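Next up, work.tsv (TSV, C-alpha atoms):
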chain	number	residue	atom	x	y	z
B	1	MET	CA	8.95	23.21	-33.73
B	2	LYS	CA	10.24	19.67	-33.38
B	3	LYS	CA	7.84	16.75	-33.55
B	4	ILE	CA	7.66	13.58	-31.51
B	5	VAL	CA	5.47	10.50	-31.86
B	6	MET	CA	4.85	8.62	-28.63
B	7	THR	CA	3.54	5.07	-28.42
B	8	GLY	CA	2.71	2.44	-25.84
B	9	GLY	CA	-0.40	0.72	-24.58
B	10	GLY	CA	-2.21	-2.29	-23.24
B	11	THR	CA	-1.94	-1.37	-19.55
B	12	ALA	CA	-1.76	1.88	-17.60
B	13	GLY	CA	1.90	1.15	-16.93
B	14	HIS	CA	2.58	1.50	-20.65
B	15	VAL	CA	0.84	4.89	-20.83
B	16	THR	CA	1.24	6.90	-17.61
B	17	PRO	CA	5.02	7.41	-17.97
B	18	ASN	CA	4.37	8.85	-21.43
B	19	ILE	CA	1.81	11.20	-19.90
B	20	ALA	CA	4.36	12.15	-17.24
B	21	LEU	CA	6.77	13.25	-19.98
B	22	MET	CA	4.28	15.35	-21.93
B	23	PRO	CA	4.47	18.64	-19.96
B	24	ALA	CA	8.28	18.66	-20.19
B	25	LEU	CA	8.15	17.79	-23.90
B	26	LYS	CA	5.78	20.70	-24.55
B	27	GLU	CA	8.03	23.00	-22.55
B	28	ALA	CA	10.97	21.83	-24.66
B	29	GLY	CA	9.04	22.83	-27.79
B	30	TYR	CA	7.86	19.45	-29.10
B	31	GLU	CA	4.62	18.90	-30.98
B	32	ILE	CA	3.28	15.56	-29.70
B	33	SER	CA	1.28	12.90	-31.53
B	34	TYR	CA	0.39	9.43	-30.23
B	35	ILE	CA	0.03	6.06	-31.95
B	36	GLY	CA	-1.84	3.34	-30.08
B	37	SER	CA	-4.33	0.57	-30.69
B	38	TYR	CA	-7.81	1.21	-32.07
B	39	SER	CA	-9.64	0.89	-28.77
B	40	GLY	CA	-7.11	0.09	-26.01
B	41	MET	CA	-7.18	1.87	-22.67
B	42	GLU	CA	-4.44	4.18	-23.94
B	43	LYS	CA	-6.90	5.84	-26.36
B	44	GLU	CA	-9.06	7.33	-23.61
B	45	LEU	CA	-6.07	8.27	-21.44
B	46	ILE	CA	-4.26	10.09	-24.25
B	47	GLU	CA	-7.31	11.84	-25.69
B	48	ALA	CA	-7.95	13.21	-22.19
B	49	GLN	CA	-4.59	14.99	-22.56
B	50	ASN	CA	-5.78	16.68	-25.79
B	51	ILE	CA	-3.05	14.95	-27.78
B	52	PRO	CA	-3.77	13.84	-31.39
B	53	TYR	CA	-4.31	10.06	-31.31
B	54	TYR	CA	-3.95	7.59	-34.18
B	55	GLY	CA	-5.10	3.99	-33.90
B	56	ILE	CA	-3.44	1.07	-35.69
B	57	SER	CA	-3.98	-2.67	-35.89
B	58	SER	CA	-2.39	-4.50	-32.98
B	59	GLY	CA	-1.84	-8.18	-32.20
B	60	LYS	CA	-0.55	-9.84	-29.07
B	61	LEU	CA	2.62	-11.93	-29.14
B	62	ARG	CA	2.12	-14.91	-26.83
B	63	ARG	CA	4.47	-17.48	-25.30
B	64	TYR	CA	1.67	-20.06	-25.05
B	65	PHE	CA	-0.57	-21.84	-27.53
B	66	ASP	CA	-3.61	-19.92	-28.65
B	67	LEU	CA	-5.51	-20.01	-31.92
B	68	LYS	CA	-5.03	-16.25	-32.16
B	69	ASN	CA	-1.30	-16.90	-32.56
B	70	PHE	CA	-2.11	-17.76	-36.18
B	71	SER	CA	-4.00	-14.53	-36.92
B	72	ASP	CA	-2.28	-11.94	-34.74
B	73	PRO	CA	0.99	-11.84	-36.73
B	74	PHE	CA	-1.06	-10.56	-39.67
B	75	LYS	CA	-2.50	-7.84	-37.42
B	76	VAL	CA	1.04	-6.84	-36.44
B	77	LEU	CA	2.08	-6.71	-40.10
B	78	LYS	CA	-0.94	-4.57	-40.88
B	79	GLY	CA	-0.07	-2.29	-37.97
B	80	TYR	CA	3.51	-2.04	-39.25
B	81	GLY	CA	2.24	-0.83	-42.63
B	82	GLN	CA	-0.14	1.63	-40.99
B	83	ALA	CA	2.67	2.93	-38.76
B	84	ILE	CA	4.92	3.55	-41.76
B	85	SER	CA	2.13	5.54	-43.45
B	86	LEU	CA	1.51	7.57	-40.28
B	87	LEU	CA	5.19	8.33	-39.69
B	88	LYS	CA	5.57	9.50	-43.29
B	89	LYS	CA	2.56	11.74	-42.77
B	90	LEU	CA	3.50	13.09	-39.33
B	91	LYS	CA	7.25	13.40	-40.07
B	92	PRO	CA	8.43	13.25	-36.44
B	93	ASP	CA	12.02	13.98	-35.46
B	94	VAL	CA	11.97	11.14	-32.93
B	95	VAL	CA	9.75	8.30	-31.66
B	96	PHE	CA	9.45	7.45	-27.96
B	97	SER	CA	7.95	4.12	-26.91
B	98	LYS	CA	6.88	2.96	-23.46
B	99	GLY	CA	6.23	-0.60	-24.60
B	100	GLY	CA	3.29	-2.91	-24.97
B	101	PHE	CA	2.57	-4.89	-28.11
B	102	VAL	CA	1.13	-1.95	-30.04
B	103	SER	CA	4.52	-0.26	-29.83
B	104	VAL	CA	6.40	-2.98	-31.72
B	105	PRO	CA	5.21	-2.09	-35.26
B	106	VAL	CA	5.70	1.62	-34.51
B	107	VAL	CA	9.33	1.26	-33.42
B	108	LEU	CA	10.18	-1.07	-36.30
B	109	ALA	CA	8.45	1.31	-38.71
B	110	ALA	CA	10.56	4.17	-37.31
B	111	LYS	CA	13.72	2.24	-38.21
B	112	THR	CA	12.40	1.63	-41.73
B	113	CYS	CA	11.68	5.36	-42.06
B	114	HIS	CA	15.12	6.28	-40.64
B	115	ILE	CA	13.58	8.03	-37.63
B	116	PRO	CA	15.48	7.65	-34.32
B	117	ALA	CA	13.48	5.69	-31.73
B	118	ILE	CA	13.95	5.53	-27.96
B	119	ILE	CA	12.20	2.87	-25.90
B	120	HIS	CA	11.71	2.57	-22.14
B	121	GLU	CA	11.78	-0.72	-20.24
B	122	SER	CA	10.25	-0.54	-16.77
B	123	ASP	CA	10.97	-4.02	-15.43
B	124	ILE	CA	14.25	-5.66	-14.48
B	125	THR	CA	14.10	-8.06	-17.42
B	126	PRO	CA	12.78	-6.77	-20.77
B	127	GLY	CA	9.37	-7.99	-21.86
B	128	LEU	CA	8.79	-9.73	-25.17
B	129	ALA	CA	7.54	-6.59	-26.92
B	130	ASN	CA	10.63	-4.58	-26.01
B	131	ARG	CA	12.96	-7.50	-26.79
B	132	ILE	CA	11.63	-7.30	-30.36
B	133	ALA	CA	11.44	-3.50	-30.50
B	134	VAL	CA	15.02	-3.04	-29.30
B	135	ARG	CA	16.17	-3.98	-32.82
B	136	GLY	CA	14.69	-0.73	-34.09
B	137	ALA	CA	15.76	1.48	-31.18
B	138	ARG	CA	18.71	3.82	-30.88
B	139	LYS	CA	18.55	3.89	-27.07
B	140	VAL	CA	16.80	1.87	-24.35
B	141	CYS	CA	15.94	3.59	-21.07
B	142	CYS	CA	15.61	1.44	-17.95
B	143	ASN	CA	14.67	1.72	-14.27
B	144	PHE	CA	17.00	-0.76	-12.61
B	145	PRO	CA	20.79	-1.13	-12.74
B	146	GLU	CA	20.19	-4.89	-12.97
B	147	THR	CA	18.51	-4.37	-16.37
B	148	MET	CA	21.65	-3.10	-18.09
B	149	LYS	CA	23.09	-6.60	-18.54
B	150	TYR	CA	20.00	-7.69	-20.53
B	151	LEU	CA	20.29	-4.86	-23.08
B	152	PRO	CA	22.64	-4.33	-26.04
B	153	GLU	CA	25.86	-2.61	-25.08
B	154	GLY	CA	25.84	1.01	-26.13
B	155	LYS	CA	22.04	1.26	-26.20
B	156	ALA	CA	21.16	1.00	-22.50
B	157	VAL	CA	20.73	4.19	-20.44
B	158	LEU	CA	19.75	4.14	-16.75
B	159	THR	CA	17.07	6.83	-16.44
B	160	GLY	CA	14.54	5.68	-13.87
B	161	SER	CA	10.82	5.99	-14.52
B	162	PRO	CA	9.04	9.28	-15.30
B	163	ILE	CA	6.67	10.17	-12.44
B	164	ARG	CA	3.62	12.33	-12.99
B	165	GLN	CA	4.37	15.61	-11.25
B	166	GLU	CA	0.79	16.05	-10.08
B	167	LEU	CA	1.29	13.09	-7.72
B	168	PHE	CA	3.53	15.34	-5.62
B	169	GLN	CA	0.82	18.00	-5.33
B	170	GLY	CA	-1.97	16.14	-3.55
B	171	ASP	CA	-4.00	17.55	-0.67
B	172	ALA	CA	-4.51	15.16	2.23
B	173	GLU	CA	-7.56	16.92	3.64
B	174	THR	CA	-9.35	16.72	0.30
B	175	ALA	CA	-8.88	12.94	0.34
B	176	ARG	CA	-9.96	12.73	3.99
B	177	LYS	CA	-13.25	14.43	3.15
B	178	LEU	CA	-13.75	12.31	0.03
B	179	CYS	CA	-13.27	9.12	2.06
B	180	GLY	CA	-15.43	10.26	4.96
B	181	PHE	CA	-12.76	9.73	7.60
B	182	ALA	CA	-13.91	11.53	10.72
B	183	ASP	CA	-10.61	12.66	12.21
B	184	HIS	CA	-6.83	12.21	12.39
B	185	SER	CA	-6.92	9.54	15.09
B	186	LYS	CA	-5.64	6.69	12.91
B	187	PRO	CA	-2.98	6.34	10.19
B	188	VAL	CA	-4.25	5.71	6.65
B	189	LEU	CA	-3.56	2.56	4.63
B	190	LEU	CA	-3.88	2.83	0.83
B	191	VAL	CA	-4.51	-0.40	-1.09
B	192	VAL	CA	-3.78	-0.34	-4.84
B	193	GLY	CA	-4.37	-3.56	-6.77
B	194	GLY	CA	-3.31	-2.35	-10.22
B	195	SER	CA	-5.33	-0.78	-13.02
B	196	SER	CA	-7.79	-3.69	-13.18
B	197	GLY	CA	-7.67	-4.66	-9.52
B	198	SER	CA	-6.50	-7.90	-7.93
B	199	ARG	CA	-8.89	-10.55	-6.66
B	200	VAL	CA	-6.38	-12.13	-4.27
B	201	VAL	CA	-5.33	-8.78	-2.78
B	202	ASN	CA	-8.94	-7.64	-2.48
B	203	GLU	CA	-9.95	-10.85	-0.72
B	204	ALA	CA	-7.05	-10.78	1.73
B	205	VAL	CA	-7.68	-7.14	2.65
B	206	ARG	CA	-11.40	-7.69	3.15
B	207	LYS	CA	-10.92	-10.82	5.26
B	208	ALA	CA	-8.50	-8.91	7.51
B	209	LEU	CA	-10.70	-5.81	7.55
B	210	PRO	CA	-11.92	-5.91	11.18
B	211	GLU	CA	-8.39	-6.28	12.57
B	212	ILE	CA	-6.87	-3.65	10.27
B	213	LEU	CA	-9.66	-1.18	10.97
B	214	ASP	CA	-8.81	-1.35	14.68
B	215	GLN	CA	-5.58	0.46	13.84
B	216	PHE	CA	-6.09	2.18	10.46
B	217	TYR	CA	-8.40	3.99	8.13
B	218	ILE	CA	-8.39	2.21	4.74
B	219	ILE	CA	-8.62	3.53	1.19
B	220	HIS	CA	-9.15	0.55	-1.12
B	221	LEU	CA	-8.79	0.94	-4.90
B	222	CYS	CA	-10.21	-2.44	-5.86
B	223	GLY	CA	-10.60	-2.27	-9.65
B	224	LYS	CA	-13.54	-1.96	-12.02
B	225	GLY	CA	-16.47	-4.18	-11.01
B	226	ASN	CA	-14.86	-5.17	-7.71
B	227	LEU	CA	-16.78	-3.05	-5.20
B	228	ASP	CA	-18.24	-5.04	-2.31
B	229	GLU	CA	-21.76	-3.74	-1.70
B	230	THR	CA	-21.94	-5.48	1.69
B	231	LEU	CA	-19.12	-3.28	2.99
B	232	LYS	CA	-20.66	0.04	2.04
B	233	GLY	CA	-21.12	2.13	5.13
B	234	VAL	CA	-18.37	0.43	7.14
B	235	LEU	CA	-16.77	3.24	9.15
B	236	GLY	CA	-13.18	3.91	8.26
B	237	TYR	CA	-13.26	1.88	5.02
B	238	ALA	CA	-13.53	3.76	1.71
B	239	GLN	CA	-13.61	1.65	-1.45
B	240	PHE	CA	-13.34	2.93	-5.02
B	241	GLU	CA	-13.07	1.12	-8.35
B	242	TYR	CA	-10.20	3.40	-9.34
B	243	ALA	CA	-8.89	6.92	-8.84
B	244	SER	CA	-7.65	9.39	-11.42
B	245	ALA	CA	-7.24	13.02	-10.32
B	246	GLU	CA	-8.06	11.95	-6.75
B	247	LEU	CA	-5.04	9.64	-6.56
B	248	ALA	CA	-2.60	12.45	-5.73
B	249	ASP	CA	-4.76	13.45	-2.74
B	250	MET	CA	-4.99	9.82	-1.61
B	251	PHE	CA	-1.22	9.44	-1.77
B	252	ALA	CA	-0.83	12.63	0.26
B	253	LEU	CA	-3.13	11.23	2.95
B	254	ALA	CA	-1.67	7.69	3.01
B	255	ASP	CA	0.83	6.70	5.68
B	256	LEU	CA	1.59	3.37	4.01
B	257	ALA	CA	0.48	1.37	0.99
B	258	ILE	CA	-0.25	-2.14	-0.19
B	259	SER	CA	0.45	-2.62	-3.89
B	260	ARG	CA	1.20	-5.03	-6.67
B	261	ALA	CA	4.80	-4.75	-7.86
B	262	GLY	CA	4.43	-3.31	-11.35
B	263	ALA	CA	7.49	-1.18	-12.04
B	264	ASN	CA	5.71	2.13	-12.50
B	265	SER	CA	3.60	1.68	-9.37
B	266	ILE	CA	6.57	0.91	-7.16
B	267	CYS	CA	8.61	3.76	-8.64
B	268	GLU	CA	5.78	6.11	-7.68
B	269	LEU	CA	5.83	4.75	-4.12
B	270	LEU	CA	9.60	5.26	-4.01
B	271	ALA	CA	9.39	8.82	-5.34
B	272	LEU	CA	6.70	9.67	-2.78
B	273	HIS	CA	8.60	7.92	0.05
B	274	LYS	CA	5.59	5.81	1.02
B	275	PRO	CA	6.39	2.75	3.18
B	276	ASN	CA	4.83	-0.17	1.38
B	277	ILE	CA	3.96	-3.85	1.24
B	278	LEU	CA	4.39	-5.39	-2.20
B	279	ILE	CA	2.45	-8.45	-3.35
B	280	PRO	CA	3.92	-9.34	-6.75
B	281	LEU	CA	1.88	-11.16	-9.36
B	282	SER	CA	2.79	-14.85	-9.15
B	283	ALA	CA	5.08	-16.55	-11.65
B	284	ALA	CA	2.19	-18.84	-12.55
B	285	ALA	CA	0.21	-15.85	-13.84
B	286	SER	CA	3.05	-13.82	-15.36
B	287	ARG	CA	6.61	-13.96	-16.64
B	288	GLY	CA	7.82	-13.23	-13.09
B	289	ASP	CA	8.83	-9.60	-13.66
B	290	GLN	CA	6.94	-8.33	-10.61
B	291	ILE	CA	8.72	-10.85	-8.40
B	292	LEU	CA	12.10	-9.54	-9.56
B	293	ASN	CA	10.98	-5.92	-9.13
B	294	ALA	CA	9.81	-6.64	-5.58
B	295	LYS	CA	13.04	-8.48	-4.67
B	296	SER	CA	15.09	-5.50	-5.83
B	297	PHE	CA	13.05	-3.08	-3.71
B	298	GLN	CA	13.17	-5.42	-0.72
B	299	LYS	CA	16.95	-5.75	-1.02
B	300	GLN	CA	17.31	-1.96	-1.05
B	301	GLY	CA	15.13	-1.62	2.06
B	302	PHE	CA	12.27	0.16	0.32
B	303	SER	CA	9.57	-2.50	0.67
B	304	TYR	CA	8.19	-5.44	2.65
B	305	VAL	CA	7.33	-8.29	0.28
B	306	ILE	CA	4.70	-11.03	0.55
B	307	GLN	CA	4.70	-13.59	-2.25
B	308	GLU	CA	1.19	-14.19	-3.57
B	309	GLU	CA	1.33	-17.87	-2.57
B	310	ALA	CA	2.02	-16.84	1.04
B	311	LEU	CA	-0.70	-14.17	1.17
B	312	THR	CA	-3.28	-14.75	3.89
B	313	PRO	CA	-5.26	-12.33	6.05
B	314	GLU	CA	-2.86	-13.19	8.88
B	315	SER	CA	0.35	-12.62	6.88
B	316	LEU	CA	-1.07	-9.36	5.51
B	317	LEU	CA	-2.01	-8.09	8.97
B	318	ALA	CA	1.44	-8.98	10.32
B	319	ALA	CA	3.11	-7.14	7.43
B	320	VAL	CA	0.98	-4.03	7.92
B	321	MET	CA	1.88	-3.86	11.60
B	322	GLU	CA	5.59	-4.47	10.92
B	323	VAL	CA	5.81	-1.76	8.27
B	324	GLN	CA	3.88	0.75	10.38
B	325	THR	CA	6.14	0.06	13.37
B	326	ASN	CA	9.30	0.53	11.28
B	327	ARG	CA	8.01	3.09	8.81
B	328	GLY	CA	10.81	5.51	9.65
B	329	THR	CA	13.41	2.96	8.52
B	330	TYR	CA	11.67	2.50	5.16
B	331	ILE	CA	11.31	6.26	4.63
B	332	GLN	CA	15.02	6.80	5.40
B	333	ALA	CA	16.06	4.11	2.91
B	334	MET	CA	13.89	5.65	0.20
B	335	SER	CA	15.08	9.19	0.92
B	336	GLU	CA	18.70	8.00	0.58
B	337	SER	CA	18.07	6.13	-2.66
B	338	GLY	CA	19.76	8.72	-4.87
B	339	GLN	CA	16.81	8.91	-7.24
B	340	MET	CA	17.48	10.33	-10.65
B	341	ASP	CA	15.75	13.21	-12.36
B	342	SER	CA	14.07	10.73	-14.71
B	343	ILE	CA	12.10	13.26	-16.72
B	344	GLY	CA	15.08	15.56	-17.22
B	345	THR	CA	17.35	12.66	-18.18
B	346	ILE	CA	14.88	11.28	-20.74
B	347	ILE	CA	14.14	14.73	-22.23
B	348	ASP	CA	17.89	15.30	-22.68
B	349	LEU	CA	18.16	11.91	-24.41
B	350	ILE	CA	15.21	12.70	-26.70
B	351	GLN	CA	16.74	16.04	-27.63
B	352	SER	CA	20.14	14.50	-28.37
B	353	GLU	CA	18.61	11.86	-30.64
B	354	SER	CA	16.30	14.27	-32.48
B	355	LYS	CA	19.00	16.69	-33.60

Will you turn the file into structure tokens for me?
Amino acid sequence: MKKIVMTGGGTAGHVTPNIALMPALKEAGYEISYIGSYSGMEKELIEAQNIPYYGISSGKLRRYFDLKNFSDPFKVLKGYGQAISLLKKLKPDVVFSKGGFVSVPVVLAAKTCHIPAIIHESDITPGLANRIAVRGARKVCCNFPETMKYLPEGKAVLTGSPIRQELFQGDAETARKLCGFADHSKPVLLVVGGSSGSRVVNEAVRKALPEILDQFYIIHLCGKGNLDETLKGVLGYAQFEYASAELADMFALADLAISRAGANSICELLALHKPNILIPLSAAASRGDQILNAKSFQKQGFSYVIQEEALTPESLLAAVMEVQTNRGTYIQAMSESGQMDSIGTIIDLIQSESK
């Protein structure tokens, strides 16, 4: 049996594509192990898959001044040493990384140990972690054709993003009962603010709630600690901190979605052909990757985009009504997108590199 070590962490977007690959890897005969941080969110997500998990020291690489910039490089070096020891112990045939800062020492350790490594970049422009890790990688998978020009020639492979297959198997009526929606008289709007929620998205949705509820039922995934107790019991409005197994059912029920523009989230919306409104994280609060992701999807006709600085209850309501009116146009564009078999493409790449 061949062995693979997977890595990636820090956000759900650096873990869920790895989880999406796991059933196909098992079917292809791979024994899977995972290297992540000691206590990052990836630990709980991976252990829930019954995959052996190994924690290493991890430091963040920042573009701004912070006192931790003086100590974190030593954490990365420690993690690099720990990763070398683990790879020598586990003896994998290949390493697959979905990114995040914990992945950097693992990929560089794989190069030191002469183990082929494949990394996946979700966004249009590579993040800092993957820009460092690419030095140790044999191949770099990416979602967008625009990304190819930012990657070393000969390493870049357009694969798309692995989508969890269970998302295609949701039951709409199960979600309707869970949310307490009385009937089928209104379309359903799903609001997803990212794994930790979004204050600005939550506020805009809640301020526009009376007007939206005239036309829609609403499922609002608002993030941990972001429930609004004053809105409990409002008919047609179901709020949850997050959804795990229930998410597939919610997607099945949803007629359209409001979402941040993280690459994995929008690729799921594309795969499910859900008309959507994207509100990318502002450049002031990020490196601008979500803005580029959203522009690409808008250009291809998949999404309606509201920049965070232009987000108001009024602009949100107008967008919801526009997308609902023209939802057929968005669905047609997504259905004609020529999506790739991302999982099959990546599995073939893993097999070719682990020979």

Segment 274-288 of chain B: which residues within 9 Å, counting all atoms listed in the file, same-chain residues fewer than 4 positions away excluded, as a PDB file with C-alpha atoms, in the frame of the given file?
ATOM      1  CA  GLY B 127       9.370  -7.990 -21.860  1.00  0.00           C
ATOM      2  CA  VAL B 201      -5.330  -8.780  -2.780  1.00  0.00           C
ATOM      3  CA  PHE B 251      -1.220   9.440  -1.770  1.00  0.00           C
ATOM      4  CA  ALA B 254      -1.670   7.690   3.010  1.00  0.00           C
ATOM      5  CA  ASP B 255       0.830   6.700   5.680  1.00  0.00           C
ATOM      6  CA  LEU B 256       1.590   3.370   4.010  1.00  0.00           C
ATOM      7  CA  ALA B 257       0.480   1.370   0.990  1.00  0.00           C
ATOM      8  CA  ILE B 258      -0.250  -2.140  -0.190  1.00  0.00           C
ATOM      9  CA  SER B 259       0.450  -2.620  -3.890  1.00  0.00           C
ATOM     10  CA  ARG B 260       1.200  -5.030  -6.670  1.00  0.00           C
ATOM     11  CA  ALA B 261       4.800  -4.750  -7.860  1.00  0.00           C
ATOM     12  CA  GLY B 262       4.430  -3.310 -11.350  1.00  0.00           C
ATOM     13  CA  ILE B 266       6.570   0.910  -7.160  1.00  0.00           C
ATOM     14  CA  GLU B 268       5.780   6.110  -7.680  1.00  0.00           C
ATOM     15  CA  LEU B 269       5.830   4.750  -4.120  1.00  0.00           C
ATOM     16  CA  LEU B 270       9.600   5.260  -4.010  1.00  0.00           C
ATOM     17  CA  LEU B 292      12.100  -9.540  -9.560  1.00  0.00           C
ATOM     18  CA  ASN B 293      10.980  -5.920  -9.130  1.00  0.00           C
ATOM     19  CA  ALA B 294       9.810  -6.640  -5.580  1.00  0.00           C
ATOM     20  CA  GLN B 298      13.170  -5.420  -0.720  1.00  0.00           C
ATOM     21  CA  PHE B 302      12.270   0.160   0.320  1.00  0.00           C
ATOM     22  CA  SER B 303       9.570  -2.500   0.670  1.00  0.00           C
ATOM     23  CA  TYR B 304       8.190  -5.440   2.650  1.00  0.00           C
ATOM     24  CA  VAL B 305       7.330  -8.290   0.280  1.00  0.00           C
ATOM     25  CA  ILE B 306       4.700 -11.030   0.550  1.00  0.00           C
ATOM     26  CA  GLN B 307       4.700 -13.590  -2.250  1.00  0.00           C
ATOM     27  CA  GLU B 308       1.190 -14.190  -3.570  1.00  0.00           C
ATOM     28  CA  GLU B 309       1.330 -17.870  -2.570  1.00  0.00           C
ATOM     29  CA  LEU B 311      -0.700 -14.170   1.170  1.00  0.00           C
ATOM     30  CA  LEU B 316      -1.070  -9.360   5.510  1.00  0.00           C
ATOM     31  CA  ALA B 319       3.110  -7.140   7.430  1.00  0.00           C
ATOM     32  CA  VAL B 320       0.980  -4.030   7.920  1.00  0.00           C
ATOM     33  CA  VAL B 323       5.810  -1.760   8.270  1.00  0.00           C
ATOM     34  CA  GLN B 324       3.880   0.750  10.380  1.00  0.00           C
ATOM     35  CA  ASN B 326       9.300   0.530  11.280  1.00  0.00           C
ATOM     36  CA  ARG B 327       8.010   3.090   8.810  1.00  0.00           C
ATOM     37  CA  GLY B 328      10.810   5.510   9.650  1.00  0.00           C
ATOM     38  CA  THR B 329      13.410   2.960   8.520  1.00  0.00           C
ATOM     39  CA  TYR B 330      11.670   2.500   5.160  1.00  0.00           C
ATOM     40  CA  ILE B 331      11.310   6.260   4.630  1.00  0.00           C
ATOM     41  CA  MET B 334      13.890   5.650   0.200  1.00  0.00           C
TER      42      MET B 334
END

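One distance worth recording is that between atom CA of Thr159 of chain B and atom CA of Ala333 of chain B, which is 19.6 Å.
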
| task | Select, counting only C-alpha atoms, all protein, DNA and RNA residues no farther than 12 Å from (-12.1, 12.4, 10.2) in file coordinates, and express the selection as a PyMOL selection string. | result | chain B and resi 172-188+216-217+235-237+253

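Taking atom CA of Arg164 of chain B and atom CA of Ile4 of chain B as the two end points, the separation is 19.0 Å.
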
| task | Enter the distance from atom CA of Cys142 of chain B to atom CA of Lys299 of chain B, in Å, rounded to one decimal. | result | 18.4 Å

| Which residue, B:His114, B:Lys98, B:Lys224, B:His273, has the smallest gap to Ala129 of chain B when you use all atoms listed in the file? | B:Lys98

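Compared by their closest atoms to Leu167 of chain B, and using all atoms listed in the file, the residues B:Ser97, B:Cys267, B:Cys113, B:Leu349 rank with B:Cys267 nearest.
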
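Closest to Asp123 of chain B among B:Ser354, B:Thr7, B:Gln290, B:Gln49 is B:Gln290, based on only C-alpha atoms.
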
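In terms of minimum interatomic distance to Ser85 of chain B, B:Ile35 ranks closest within B:Ile347, B:Ile35, B:Ala117, B:Ile132, counting all atoms listed in the file.
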
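Compared by their closest atoms to Gln339 of chain B, and using only C-alpha atoms, the residues B:Gly193, B:Gly160, B:Pro126, B:Gly223 rank with B:Gly160 nearest.
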
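Considering only C-alpha atoms, the residue among B:Met22, B:Lys2, B:Lys75, B:Glu121 positioned nearest to Leu90 of chain B is B:Lys2.
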
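Excluding Lys111 of chain B and any residue on its chain fewer than 3 positions from it, the residues at most 12 Å away by only C-alpha atoms are Tyr80, Ala83, Ile84, Leu87, Val94, Val95, Val104, Pro105, Val106, Val107, Leu108, His114, Ile115, Pro116, Ala117, Ile118, Ala133, Val134, Arg135, Gly136, Ala137 and Arg138 of chain B.
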
| task | May I have the protein, DNA and RNA residues with an atom at most 12 Å from (14.7, 16.1, -23.1), counting all atoms listed in the file in the file's coordinates, returned as JSON, numbers by chain? | result | {"B": [2, 4, 21, 22, 23, 24, 25, 26, 27, 28, 29, 30, 94, 96, 118, 159, 162, 341, 342, 343, 344, 345, 346, 347, 348, 349, 350, 351, 352, 353, 354, 355]}

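Residue neighbourhood of Gly9 of chain B, excluding near-sequence residues (fewer than 5 positions): B:His14, B:Val15, B:Thr16, B:Asn18, B:Ile35, B:Gly36, B:Ser37, B:Gly40, B:Met41, B:Glu42, B:Lys43, B:Leu45, B:Ser97, B:Lys98, B:Gly99, B:Gly100, B:Phe101, B:Val102, B:Ser103, at 10 Å, using all atoms listed in the file.
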
| Contact residues around Thr147 of chain B with only C-alpha atoms at 10 Å, ignoring same-chain residues under 6 positions, as an NGL selection string | :B and (121-126 or 141 or 156-158)
